[in-house]
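Structure file query31.txt (compact mmCIF, C-alpha atoms) is printed below.
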```txt
# COMPACT_ATOMS: atom_id res chain seq x y z
CA MET V 1 35.38 4.22 -28.23
CA ASN V 2 35.21 6.70 -31.07
CA ILE V 3 32.69 9.47 -31.06
CA ASN V 4 31.02 9.45 -34.44
CA LEU V 5 27.71 9.55 -36.23
CA THR V 6 26.34 6.94 -33.85
CA LEU V 7 25.86 9.84 -31.43
CA PHE V 8 23.21 11.37 -33.66
CA GLY V 9 21.72 8.03 -34.50
CA GLN V 10 21.26 7.37 -30.81
CA LEU V 11 19.92 10.86 -30.24
CA ALA V 12 17.35 10.38 -33.00
CA ALA V 13 16.34 6.96 -31.68
CA PHE V 14 16.01 8.41 -28.20
CA VAL V 15 13.81 11.26 -29.38
CA VAL V 16 11.57 8.89 -31.35
CA PHE V 17 11.27 6.51 -28.39
CA VAL V 18 10.37 9.31 -26.00
CA TRP V 19 7.80 10.68 -28.43
CA PHE V 20 6.30 7.24 -28.89
CA THR V 21 6.18 6.56 -25.17
CA MET V 22 4.54 9.89 -24.54
CA LYS V 23 1.93 9.48 -27.23
CA TYR V 24 1.03 5.81 -27.20
CA VAL V 25 2.20 4.31 -23.92
CA TRP V 26 2.11 6.68 -20.99
CA THR V 27 -1.20 8.39 -21.59
CA PRO V 28 -3.39 5.27 -21.96
CA ILE V 29 -1.76 3.39 -19.09
CA MET V 30 -1.98 6.31 -16.69
CA GLY V 31 -5.51 6.95 -17.95
CA ALA V 32 -6.48 3.41 -17.06
CA LEU V 33 -4.86 3.74 -13.65
CA GLU V 34 -6.72 6.98 -13.03
CA GLU V 35 -9.97 5.42 -14.21
CA ARG V 36 -9.50 2.44 -11.93
CA ARG V 37 -8.70 4.72 -9.03
CA LYS V 38 -11.95 6.54 -9.69
CA LYS V 39 -13.88 3.30 -10.03
CA ILE V 40 -12.55 2.02 -6.72
CA ALA V 41 -13.33 5.31 -5.04
CA ASP V 42 -16.84 5.24 -6.51
CA GLY V 43 -17.28 1.64 -5.42
CA LEU V 44 -16.19 2.42 -1.89
CA ALA V 45 -18.50 5.42 -1.76
CA ALA V 46 -21.38 3.33 -3.09
CA GLY V 47 -20.65 0.65 -0.51
CA GLU V 48 -20.68 3.19 2.26
CA ARG V 49 -23.89 4.67 0.94
CA GLY V 50 -25.44 1.21 0.75
CA GLN V 51 -24.45 0.48 4.31
CA HIS V 52 -25.90 3.75 5.47
CA GLU V 53 -29.10 3.03 3.58
CA GLN V 54 -29.29 -0.40 5.10
CA GLU V 55 -28.95 1.09 8.54
CA LEU V 56 -31.74 3.53 7.78
CA ALA V 57 -33.93 0.75 6.40
CA GLU V 58 -33.30 -1.35 9.48
CA GLU V 59 -34.31 1.53 11.66
CA ARG V 60 -37.39 2.10 9.55
CA ALA V 61 -38.26 -1.58 9.71
CA LYS V 62 -37.89 -1.51 13.47
CA GLY V 63 -40.29 1.44 13.62
CA VAL V 64 -42.82 -0.27 11.38
CA LEU V 65 -42.59 -3.45 13.45
CA GLN V 66 -43.11 -1.51 16.65
CA GLU V 67 -46.14 0.23 15.19
CA ALA V 68 -47.55 -3.06 13.95
CA LYS V 69 -47.10 -4.58 17.38
CA VAL V 70 -48.92 -1.68 18.98
CA GLN V 71 -51.71 -1.89 16.42
CA ALA V 72 -52.06 -5.62 16.89
CA GLY V 73 -52.30 -5.10 20.64
CA ASP V 74 -54.98 -2.47 20.10
CA ILE V 75 -56.92 -4.72 17.79
CA VAL V 76 -56.82 -7.61 20.25
CA ALA V 77 -57.91 -5.35 23.10
CA GLN V 78 -60.72 -3.94 21.01
CA ALA V 79 -61.84 -7.38 20.00
CA GLN V 80 -61.85 -8.48 23.60
CA LYS V 81 -63.87 -5.47 24.59
CA ARG V 82 -66.25 -6.01 21.75
CA GLY V 83 -66.60 -9.68 22.69
CA THR V 84 -67.45 -8.80 26.26
CA ALA V 85 -69.92 -6.20 25.06
CA ILE V 86 -71.61 -8.71 22.77
CA ILE V 87 -71.87 -11.23 25.57
CA ASP V 88 -73.32 -8.61 27.92
CA GLU V 89 -75.76 -7.52 25.28
CA ALA V 90 -76.83 -11.08 24.65
CA LYS V 91 -77.29 -11.64 28.37
CA THR V 92 -79.40 -8.53 28.69
CA ALA V 93 -81.45 -9.42 25.63
CA ALA V 94 -82.03 -12.93 26.95
CA ARG V 95 -83.08 -11.63 30.34
CA THR V 96 -85.46 -9.11 28.79
CA GLU V 97 -86.95 -11.72 26.51
CA GLY V 98 -87.41 -14.12 29.39
CA GLU V 99 -89.09 -11.47 31.45
CA ARG V 100 -91.27 -10.55 28.54
CA LEU V 101 -92.25 -14.16 28.02
CA ILE V 102 -93.00 -14.59 31.71
CA THR V 103 -95.09 -11.46 31.75
CA ALA V 104 -97.01 -12.57 28.64
CA ALA V 105 -97.59 -15.98 30.13
CA ARG V 106 -98.78 -14.45 33.36
CA ALA V 107 -101.16 -12.17 31.48
CA GLU V 108 -102.52 -15.11 29.55
CA ILE V 109 -102.95 -17.10 32.71
CA ASP V 110 -104.77 -14.20 34.30
CA GLN V 111 -106.95 -13.88 31.26
CA GLU V 112 -107.72 -17.60 31.33
CA VAL V 113 -108.51 -17.42 35.00
CA ASN V 114 -110.80 -14.47 34.47
CA ARG V 115 -112.50 -16.14 31.55
CA ALA V 116 -112.93 -19.35 33.53
CA ARG V 117 -114.25 -17.33 36.46
CA GLU V 118 -116.73 -15.58 34.14
CA GLN V 119 -117.88 -18.81 32.65
CA LEU V 120 -118.13 -20.32 36.08
CA ARG V 121 -120.10 -17.32 37.28
CA GLU V 122 -122.47 -17.54 34.33
CA LYS V 123 -122.82 -21.27 34.81
CA VAL V 124 -123.43 -20.78 38.51
CA ALA V 125 -125.99 -18.08 37.68
CA ILE V 126 -127.71 -20.36 35.26
CA LEU V 127 -127.60 -23.15 37.81
CA ALA V 128 -128.88 -20.86 40.48
CA VAL V 129 -131.62 -19.62 38.24
CA ALA V 130 -132.40 -23.19 37.23
CA GLY V 131 -132.43 -24.17 40.86
CA ALA V 132 -134.57 -21.23 41.77
CA GLU V 133 -136.79 -21.89 38.79
CA LYS V 134 -137.25 -25.45 39.93
CA ILE V 135 -138.12 -24.17 43.38
CA LEU V 136 -140.33 -21.36 42.23
CA ARG V 137 -142.02 -23.38 39.50
CA ARG V 138 -143.82 -24.90 42.14
CA GLU V 139 -144.85 -21.67 43.70
CA ILE V 140 -144.37 -18.65 41.58
CA ASP V 141 -144.16 -17.59 38.10
CA ALA V 142 -140.59 -17.37 36.97
CA GLU V 143 -141.32 -14.45 34.81
CA ALA V 144 -142.57 -12.34 37.63
CA ASN V 145 -139.43 -12.85 39.64
CA ARG V 146 -136.86 -12.59 36.87
CA ASP V 147 -135.39 -9.30 38.05
CA ILE V 148 -134.69 -10.77 41.45
CA VAL V 149 -133.05 -13.87 39.93
CA ASP V 150 -130.88 -11.68 37.68
CA ALA V 151 -129.84 -9.56 40.60
CA LEU V 152 -128.91 -12.69 42.47
CA ALA V 153 -126.98 -14.08 39.58
CA LYS V 154 -124.97 -10.87 39.39
CA GLU V 155 -124.11 -10.92 43.00
CA ILE V 156 -122.63 -14.43 42.83
CA MET B 157 37.62 -18.89 -26.36
CA ALA B 158 40.64 -16.73 -26.29
CA GLY B 159 44.07 -18.25 -26.27
CA ASP B 160 44.75 -20.37 -29.31
CA THR B 161 44.80 -17.68 -31.90
CA LEU B 162 44.43 -14.54 -29.81
CA THR B 163 46.52 -13.14 -26.99
CA SER B 164 44.65 -11.74 -24.00
CA ALA B 165 45.30 -8.20 -25.14
CA GLU B 166 43.94 -8.95 -28.56
CA TYR B 167 40.93 -10.69 -27.05
CA ILE B 168 40.11 -7.66 -24.93
CA LYS B 169 40.65 -5.29 -27.77
CA HIS B 170 38.46 -7.38 -30.01
CA HIS B 171 35.70 -7.26 -27.48
CA LEU B 172 35.96 -3.52 -27.16
CA THR B 173 35.74 -2.79 -30.85
CA ASN B 174 32.45 -1.78 -32.37
CA LEU B 175 31.12 -3.02 -35.64
CA THR B 176 31.82 0.22 -37.50
CA PHE B 177 30.42 1.19 -40.84
CA GLY B 178 32.11 4.06 -42.58
CA GLN B 179 34.38 5.27 -45.36
CA MET B 180 37.49 3.17 -45.96
CA PRO B 181 40.88 4.77 -46.61
CA ASP B 182 40.50 3.87 -50.26
CA GLY B 183 37.30 5.87 -50.49
CA SER B 184 34.77 3.04 -50.62
CA TRP B 185 32.13 2.51 -47.86
CA GLY B 186 32.14 -0.62 -45.78
CA ILE B 187 32.64 -2.25 -42.42
CA ALA B 188 35.95 -1.72 -40.66
CA HIS B 189 38.09 -4.84 -40.27
CA SER B 190 40.11 -3.69 -37.30
CA ALA B 191 40.02 -1.23 -34.44
CA ALA B 192 42.61 0.94 -36.17
CA GLU B 193 40.58 1.00 -39.36
CA ALA B 194 37.46 1.96 -37.40
CA LYS B 195 39.35 4.79 -35.74
CA ALA B 196 40.61 6.02 -39.06
CA MET B 197 37.06 6.43 -40.32
CA GLY B 198 36.71 9.50 -38.11
CA PHE B 199 33.36 11.09 -37.35
CA TRP B 200 31.46 9.97 -40.44
CA ALA B 201 31.09 6.38 -39.34
CA ILE B 202 28.39 4.55 -37.48
CA HIS B 203 28.47 1.75 -34.93
CA VAL B 204 26.08 -0.73 -36.42
CA ASP B 205 26.03 -3.00 -33.37
CA THR B 206 25.27 -0.16 -30.95
CA MET B 207 22.49 1.12 -33.18
CA PHE B 208 21.08 -2.36 -33.74
CA TRP B 209 20.99 -3.45 -30.12
CA SER B 210 19.74 -0.15 -28.75
CA ILE B 211 16.97 0.17 -31.31
CA PHE B 212 16.11 -3.52 -31.00
CA LEU B 213 15.74 -3.20 -27.24
CA GLY B 214 13.93 0.12 -27.51
CA VAL B 215 11.45 -1.37 -29.96
CA LEU B 216 11.05 -4.41 -27.72
CA PHE B 217 10.20 -2.12 -24.83
CA LEU B 218 7.80 -0.03 -26.88
CA TYR B 219 6.18 -3.13 -28.41
CA PHE B 220 5.56 -4.60 -24.99
CA PHE B 221 4.20 -1.40 -23.50
CA LYS B 222 2.18 -0.50 -26.58
CA LYS B 223 0.54 -3.89 -26.47
CA VAL B 224 -0.41 -3.28 -22.87
CA ALA B 225 -1.59 0.25 -23.63
CA ASP B 226 -3.79 -0.99 -26.49
CA ASN B 227 -5.52 -3.58 -24.34
CA VAL B 228 -5.49 -1.49 -21.22
CA THR B 229 -8.48 -1.89 -18.98
CA ALA B 230 -9.59 -0.11 -15.87
CA GLY B 231 -10.99 -3.41 -14.63
CA ILE B 232 -8.91 -6.29 -13.38
CA PRO B 233 -5.48 -6.09 -15.04
CA GLY B 234 -3.73 -9.11 -16.51
CA GLY B 235 -0.16 -10.12 -15.74
CA MET B 236 1.47 -8.01 -18.41
CA GLN B 237 -0.64 -4.99 -17.64
CA ASN B 238 0.13 -5.45 -13.97
CA PHE B 239 3.82 -5.27 -14.67
CA ALA B 240 3.51 -2.26 -16.97
CA GLU B 241 1.29 -0.48 -14.45
CA TRP B 242 3.70 -1.23 -11.67
CA THR B 243 6.56 0.22 -13.71
CA CYS B 244 4.55 3.28 -14.66
CA GLU B 245 3.50 3.90 -11.07
CA PHE B 246 7.07 3.54 -9.89
CA ILE B 247 8.19 6.13 -12.45
CA ASP B 248 5.24 8.36 -11.63
CA MET B 249 6.13 8.24 -7.95
CA SER B 250 9.76 9.09 -8.67
CA VAL B 251 8.69 12.02 -10.83
CA ARG B 252 6.24 13.28 -8.24
CA GLY B 253 8.97 12.95 -5.63
CA SER B 254 11.42 15.31 -7.26
CA PHE B 255 9.49 17.25 -9.87
CA SER B 256 7.11 19.88 -8.55
CA SER B 257 5.95 21.63 -11.72
CA LYS B 258 3.37 20.37 -14.18
CA ASN B 259 4.77 18.91 -17.36
CA ALA B 260 3.25 16.03 -19.29
CA MET B 261 6.58 15.20 -20.89
CA VAL B 262 8.71 14.44 -17.84
CA ALA B 263 7.11 11.17 -16.78
CA PRO B 264 7.09 9.47 -20.21
CA LEU B 265 10.64 10.72 -20.76
CA SER B 266 11.68 9.18 -17.47
CA LEU B 267 9.93 5.92 -18.28
CA THR B 268 11.69 5.69 -21.62
CA ILE B 269 15.06 6.49 -20.08
CA PHE B 270 14.67 4.02 -17.25
CA ILE B 271 13.43 1.04 -19.21
CA TRP B 272 15.62 1.62 -22.25
CA ILE B 273 18.82 2.03 -20.25
CA PHE B 274 17.86 -0.90 -18.06
CA LEU B 275 17.36 -3.16 -21.07
CA MET B 276 20.61 -2.04 -22.70
CA ASN B 277 22.44 -2.59 -19.43
CA LEU B 278 20.75 -5.94 -19.03
CA MET B 279 22.61 -7.21 -22.10
CA ASP B 280 25.70 -7.03 -19.90
CA LEU B 281 24.46 -10.12 -18.05
CA VAL B 282 24.58 -12.21 -21.20
CA PRO B 283 27.99 -13.95 -21.05
CA VAL B 284 30.41 -11.77 -23.00
CA ASP B 285 31.20 -14.32 -25.68
CA VAL B 286 27.78 -15.75 -26.49
CA ILE B 287 26.44 -13.16 -28.90
CA PRO B 288 29.84 -12.30 -30.50
CA GLU B 289 30.47 -15.99 -31.18
CA ILE B 290 27.03 -16.43 -32.74
CA SER B 291 27.54 -13.38 -34.90
CA LYS B 292 30.99 -14.70 -35.86
CA LEU B 293 29.24 -17.78 -37.21
CA LEU B 294 27.04 -15.44 -39.22
CA GLY B 295 30.14 -13.72 -40.59
CA ILE B 296 30.10 -10.61 -38.42
CA HIS B 297 33.44 -10.27 -36.67
CA TYR B 298 32.86 -7.40 -34.29
CA MET B 299 29.89 -7.26 -31.98
CA LYS B 300 29.57 -5.09 -28.91
CA VAL B 301 26.32 -6.08 -27.36
CA VAL B 302 25.97 -3.58 -24.53
CA SER B 303 25.04 -0.28 -26.14
CA THR B 304 25.61 1.70 -22.96
CA THR B 305 29.32 0.80 -23.08
CA ASP B 306 29.45 2.94 -26.21
CA PRO B 307 29.85 6.61 -25.20
CA ASN B 308 27.93 7.57 -28.34
CA ALA B 309 24.79 6.04 -26.87
CA THR B 310 25.10 7.67 -23.46
CA PHE B 311 26.11 11.04 -24.91
CA GLY B 312 23.29 10.81 -27.39
CA MET B 313 20.82 10.36 -24.58
CA ALA B 314 22.39 13.04 -22.41
CA ILE B 315 22.28 15.48 -25.31
CA GLY B 316 18.65 14.57 -25.87
CA VAL B 317 17.91 15.25 -22.22
CA PHE B 318 19.71 18.59 -22.36
CA ILE B 319 17.90 19.69 -25.47
CA VAL B 320 14.72 19.22 -23.45
CA VAL B 321 16.25 20.96 -20.44
CA PHE B 322 17.32 23.96 -22.53
CA TYR B 323 13.96 24.07 -24.25
CA TYR B 324 12.11 24.36 -20.98
CA THR B 325 14.67 26.71 -19.47
CA PHE B 326 14.17 29.15 -22.34
CA LYS B 327 10.44 28.60 -22.41
CA ILE B 328 9.91 29.25 -18.72
CA LYS B 329 12.67 31.69 -17.78
CA GLY B 330 13.36 33.23 -21.16
CA VAL B 331 16.79 34.00 -22.56
CA GLY B 332 17.28 36.69 -19.95
CA GLY B 333 16.55 34.36 -17.11
CA PHE B 334 18.92 31.80 -18.52
CA LEU B 335 21.72 34.34 -18.95
CA GLY B 336 20.98 35.72 -15.50
CA GLU B 337 21.37 32.31 -13.95
CA LEU B 338 24.59 31.91 -15.86
CA THR B 339 26.17 35.23 -14.81
CA LEU B 340 24.53 36.72 -11.71
CA GLN B 341 25.21 33.92 -9.27
CA PRO B 342 26.61 32.54 -7.05
CA PHE B 343 28.34 35.92 -6.37
CA SER B 344 26.31 39.09 -6.48
CA SER B 345 26.70 42.57 -5.13
CA LYS B 346 24.66 45.75 -4.82
CA ASN B 347 27.61 47.78 -6.04
CA PRO B 348 27.42 47.84 -9.88
CA VAL B 349 31.21 47.94 -10.29
CA VAL B 350 31.73 44.92 -8.07
CA GLN B 351 28.84 43.21 -9.81
CA ALA B 352 30.47 43.80 -13.18
CA LEU B 353 33.63 42.21 -11.85
CA PHE B 354 31.66 39.26 -10.56
CA ILE B 355 29.96 38.52 -13.87
CA PRO B 356 32.92 36.84 -15.62
CA VAL B 357 33.75 34.89 -12.48
CA ASN B 358 30.17 33.72 -12.19
CA PHE B 359 30.05 32.89 -15.86
CA ILE B 360 33.14 30.68 -15.66
CA LEU B 361 31.80 28.83 -12.64
CA GLU B 362 28.27 28.42 -13.96
CA PHE B 363 29.36 27.56 -17.47
CA VAL B 364 31.57 24.76 -16.20
CA SER B 365 28.79 23.43 -14.05
CA LEU B 366 26.35 23.67 -16.96
CA VAL B 367 28.64 21.76 -19.32
CA SER B 368 29.57 19.22 -16.66
CA LYS B 369 25.94 18.19 -16.21
CA PRO B 370 25.40 16.34 -19.50
CA VAL B 371 29.00 15.15 -19.52
CA SER B 372 28.79 13.67 -16.05
CA LEU B 373 25.32 12.28 -16.75
CA SER B 374 26.54 10.33 -19.76
CA LEU B 375 30.01 9.47 -18.49
CA ARG B 376 28.66 8.07 -15.24
CA LEU B 377 26.54 5.55 -17.07
CA PHE B 378 29.17 4.84 -19.67
CA GLY B 379 31.95 4.44 -17.09
CA ASN B 380 29.99 2.08 -14.90
CA MET B 381 28.89 -0.12 -17.74
CA TYR B 382 32.26 -0.05 -19.45
CA ALA B 383 34.04 -1.07 -16.26
CA GLY B 384 31.52 -3.79 -15.60
CA GLU B 385 31.88 -5.11 -19.12
CA MET B 386 35.66 -5.00 -18.79
CA ILE B 387 35.54 -7.10 -15.65
CA PHE B 388 33.33 -9.65 -17.40
CA ILE B 389 35.87 -9.79 -20.22
CA LEU B 390 38.75 -10.23 -17.77
CA ILE B 391 36.88 -13.03 -16.02
CA ALA B 392 36.21 -14.63 -19.38
CA ILE B 393 39.96 -14.73 -20.07
CA MET B 394 40.32 -17.05 -17.08
CA TYR B 395 38.36 -19.74 -18.91
CA SER B 396 41.33 -20.30 -21.21
CA ALA B 397 43.75 -20.85 -18.29
CA GLY B 398 42.94 -24.39 -17.24
CA ILE B 399 40.14 -26.10 -15.33
CA ALA B 400 40.97 -24.66 -11.89
CA MET B 401 41.11 -21.08 -13.15
CA GLY B 402 38.04 -21.74 -15.29
CA LEU B 403 36.02 -22.89 -12.29
CA LEU B 404 37.19 -19.90 -10.28
CA GLY B 405 36.23 -17.75 -13.23
CA GLY B 406 32.77 -19.29 -13.25
CA VAL B 407 32.28 -18.47 -9.58
CA LEU B 408 33.58 -14.95 -10.12
CA GLN B 409 31.37 -14.41 -13.11
CA LEU B 410 28.32 -15.55 -11.19
CA GLY B 411 29.19 -13.26 -8.29
CA TRP B 412 29.89 -10.28 -10.51
CA ALA B 413 26.73 -10.88 -12.53
CA ILE B 414 24.61 -10.94 -9.38
CA PHE B 415 26.28 -7.76 -8.16
CA HIS B 416 25.80 -6.28 -11.61
CA ILE B 417 22.03 -6.73 -11.43
CA LEU B 418 22.16 -4.02 -8.78
CA ILE B 419 24.45 -1.81 -10.83
CA ILE B 420 22.47 -1.93 -14.06
CA THR B 421 19.23 -1.08 -12.28
CA LEU B 422 20.89 1.57 -10.17
CA GLN B 423 22.56 3.25 -13.15
CA ALA B 424 19.29 3.34 -15.07
CA PHE B 425 17.59 4.79 -12.00
CA ILE B 426 20.33 7.39 -11.43
CA PHE B 427 20.19 8.53 -15.06
CA MET B 428 16.43 8.88 -14.79
CA THR B 429 16.48 10.66 -11.43
CA LEU B 430 19.13 13.13 -12.55
CA THR B 431 17.12 13.84 -15.68
CA ILE B 432 14.12 14.64 -13.51
CA VAL B 433 16.24 16.82 -11.24
CA TYR B 434 17.73 18.76 -14.18
CA LEU B 435 14.27 19.29 -15.61
CA GLU B 436 13.05 20.45 -12.22
CA MET B 437 15.90 22.96 -12.13
CA ALA B 438 14.86 24.17 -15.57
CA HIS B 439 11.35 24.78 -14.27
CA THR B 440 12.15 26.60 -11.04
CA ASP B 441 14.10 29.70 -10.16
CA HIS B 442 16.92 29.52 -7.73
```
How would this structure read if it were set down as structure tokens?
Amino acid sequence: MNINLTLFGQLAAFVVFVWFTMKYVWTPIMGALEERRKKIADGLAAGERGQHEQELAEERAKGVLQEAKVQAGDIVAQAQKRGTAIIDEAKTAARTEGERLITAARAEIDQEVNRAREQLREKVAILAVAGAEKILRREIDAEANRDIVDALAKEI
Amino acid sequence: MAGDTLTSAEYIKHHLTNLTFGQMPDGSWGIAHSAAEAKAMGFWAIHVDTMFWSIFLGVLFLYFFKKVADNVTAGIPGGMQNFAEWTCEFIDMSVRGSFSSKNAMVAPLSLTIFIWIFLMNLMDLVPVDVIPEISKLLGIHYMKVVSTTDPNATFGMAIGVFIVVFYYTFKIKGVGGFLGELTLQPFSSKNPVVQALFIPVNFILEFVSLVSKPVSLSLRLFGNMYAGEMIFILIAIMYSAGIAMGLLGGVLQLGWAIFHILIITLQAFIFMTLTIVYLEMAHTDH
């Protein structure tokens, strides 16, 4: 219970302890706490940002999907139209070709008929002349009456 | 433990005597063999036990916290770091609560005060005879384990605190501001004659209040711990009075120790809080 030199010993120890705490204990620990606080704050901010970005991306994706759907619809419609057009075209082409073929065939037939008629006419003329010759040989000279026979043959 | 060779009074007295190193009456230096001899050594003596236990506990505290501070990480803290951080945040919150100015010294000072006083007080929970008996086996006959029951320790700390308080008072308010606070309040008057009359009155009032601050700060801690220690010693005497009294003593000791957990923490906290408040007063004008 005596006050003595211990007082100053304790004072000195106290001062040294406080100095030590200040220099080597408090600063690093509070620094770490501050750093962690910052890290957590940063992390939370980053999380929020990420969420926001995700929302934006989702919206963007929705837009892209919508556009793609519309485009796909367009493409299908176009294809259908084009298909119909091709079919129509083919039909028209086929009809034209058919008509053309028919016409050509008809023309050929006509030609054949004409040729046959010509040949027939010539043959008939020859026959007629031959007939007439046979008749006239008995009576007249064939040469003298050739012009008449020719005129006859032409009339047949 | 008492009884056979010691009377109760001697037992108590023995427990309240520090291991004192100083100059003997014959002029040589050594350790006092009795309370009377220790008293006779006067001012130029030192309480070896107080110094040892306080410095031991202070170093323990600093070792623990330094270890944490060296391996401190802003990532996931380990168990020890968790505890140190929790303590530091508690102190930081207390400082923020009652200290409004900016001063990098206040918080570490408060941390040191709180933990150091708490650890010194904590030694009070070790049964009063354990460490003295062990040291008796080692040939040391006086051993006061609880440093805060030595007024030298509490006054030493209070003086340390008030050196800091005065330093900042002079730094922030200047000598004039300090003298003004000491003489121009609580009574003041516009009339210079009345004011001149008030100055000595103010000075007496303020001077008493100024001196009473460190005294009350240290005596509060000392008184609480000393009384607590005394009750532990008185309970310990019961162990030498038969089995029934011994059992009662055991129950009492347990009860008092549990109650004392509150007191030792509270006293450490009060010392710290008052330090913060005094420093706050040094930083602000009234």
Notebook entry, point to check: So, counting all atoms listed in the file, which residue among B:Leu267, B:Met197, B:Ala383, B:Val367 is closest to Phe20 in chain V?
Noted result: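 Ranking B:Leu267, B:Met197, B:Ala383, B:Val367 by distance to Phe20 in chain V, first place goes to B:Leu267.
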Margin query: One number please: CA of Gln179 in chain B to CA of Ile3 in chain V, in Å, one decimal.
Written below: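 Computed distance, CA of Gln179 in chain B to CA of Ile3 in chain V, equals 15.0 Å.
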Checklist line | Distance in Å - CA of Phe359 in chain B versus CA of Gln341 in chain B | finding: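 Separation of CA of Phe359 in chain B and CA of Gln341 in chain B: 8.2 Å.
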Check: Quick one, how far is CA of Lys154 in chain V from CA of Glu133 in chain V?
Finding: 16.2 Å
Chain B contacts on chain V, all atoms listed in the file, 12 Å, as a CSV table (one decimal) with C-alpha atoms, keeping the file's coordinate frame:
```
chain,number,residue,atom,x,y,z
V,1,MET,CA,35.4,4.2,-28.2
V,2,ASN,CA,35.2,6.7,-31.1
V,3,ILE,CA,32.7,9.5,-31.1
V,4,ASN,CA,31.0,9.4,-34.4
V,5,LEU,CA,27.7,9.6,-36.2
V,6,THR,CA,26.3,6.9,-33.8
V,7,LEU,CA,25.9,9.8,-31.4
V,8,PHE,CA,23.2,11.4,-33.7
V,9,GLY,CA,21.7,8.0,-34.5
V,10,GLN,CA,21.3,7.4,-30.8
V,11,LEU,CA,19.9,10.9,-30.2
V,12,ALA,CA,17.4,10.4,-33.0
V,13,ALA,CA,16.3,7.0,-31.7
V,14,PHE,CA,16.0,8.4,-28.2
V,15,VAL,CA,13.8,11.3,-29.4
V,16,VAL,CA,11.6,8.9,-31.4
V,17,PHE,CA,11.3,6.5,-28.4
V,18,VAL,CA,10.4,9.3,-26.0
V,19,TRP,CA,7.8,10.7,-28.4
V,20,PHE,CA,6.3,7.2,-28.9
V,21,THR,CA,6.2,6.6,-25.2
V,22,MET,CA,4.5,9.9,-24.5
V,23,LYS,CA,1.9,9.5,-27.2
V,24,TYR,CA,1.0,5.8,-27.2
V,25,VAL,CA,2.2,4.3,-23.9
V,26,TRP,CA,2.1,6.7,-21.0
V,27,THR,CA,-1.2,8.4,-21.6
V,28,PRO,CA,-3.4,5.3,-22.0
V,29,ILE,CA,-1.8,3.4,-19.1
V,30,MET,CA,-2.0,6.3,-16.7
V,31,GLY,CA,-5.5,7.0,-18.0
V,32,ALA,CA,-6.5,3.4,-17.1
V,33,LEU,CA,-4.9,3.7,-13.6
V,34,GLU,CA,-6.7,7.0,-13.0
V,35,GLU,CA,-10.0,5.4,-14.2
V,36,ARG,CA,-9.5,2.4,-11.9
V,37,ARG,CA,-8.7,4.7,-9.0
V,38,LYS,CA,-12.0,6.5,-9.7
V,39,LYS,CA,-13.9,3.3,-10.0
V,40,ILE,CA,-12.6,2.0,-6.7
```
The centre and edge lengths of an axis-aligned box containing all atoms of range 311-326 of chain B present in the file, extended by 4 Å on each side, are to be given in Å to one decimal, as JSON.
```
{"center_x": 19.1, "center_y": 19.8, "center_z": -23.4, "size_x": 22.0, "size_y": 26.8, "size_z": 15.9}
```
As a short mmCIF file (atom, residue, chain, number, x, y, z; two decimals) with C-alpha atoms, in the coordinates of the input, please: the residues near range 413-419 of chain B (cut-off 10 Å, all atoms listed in the file, same-chain neighbours under 3 positions excluded).
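Written output follows (part20.cif):
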```cif
data_model
loop_
_atom_site.label_atom_id
_atom_site.label_comp_id
_atom_site.auth_asym_id
_atom_site.auth_seq_id
_atom_site.Cartn_x
_atom_site.Cartn_y
_atom_site.Cartn_z
CA PHE B 274 17.86 -0.90 -18.06
CA ASN B 277 22.44 -2.59 -19.43
CA LEU B 278 20.75 -5.94 -19.03
CA ASP B 280 25.70 -7.03 -19.90
CA LEU B 281 24.46 -10.12 -18.05
CA VAL B 282 24.58 -12.21 -21.20
CA PRO B 283 27.99 -13.95 -21.05
CA LEU B 377 26.54 5.55 -17.07
CA ASN B 380 29.99 2.08 -14.90
CA MET B 381 28.89 -0.12 -17.74
CA GLY B 384 31.52 -3.79 -15.60
CA GLU B 385 31.88 -5.11 -19.12
CA PHE B 388 33.33 -9.65 -17.40
CA VAL B 407 32.28 -18.47 -9.58
CA LEU B 408 33.58 -14.95 -10.12
CA GLN B 409 31.37 -14.41 -13.11
CA LEU B 410 28.32 -15.55 -11.19
CA LEU B 422 20.89 1.57 -10.17
CA GLN B 423 22.56 3.25 -13.15
CA ALA B 424 19.29 3.34 -15.07
CA PHE B 425 17.59 4.79 -12.00
#
```
Item checked: Local residues around (25.1, 21.1, -22.1), at most 8 Å away, using all atoms listed in the file, as an MDAnalysis selection string -> chainID B and resid 315 318 366:371
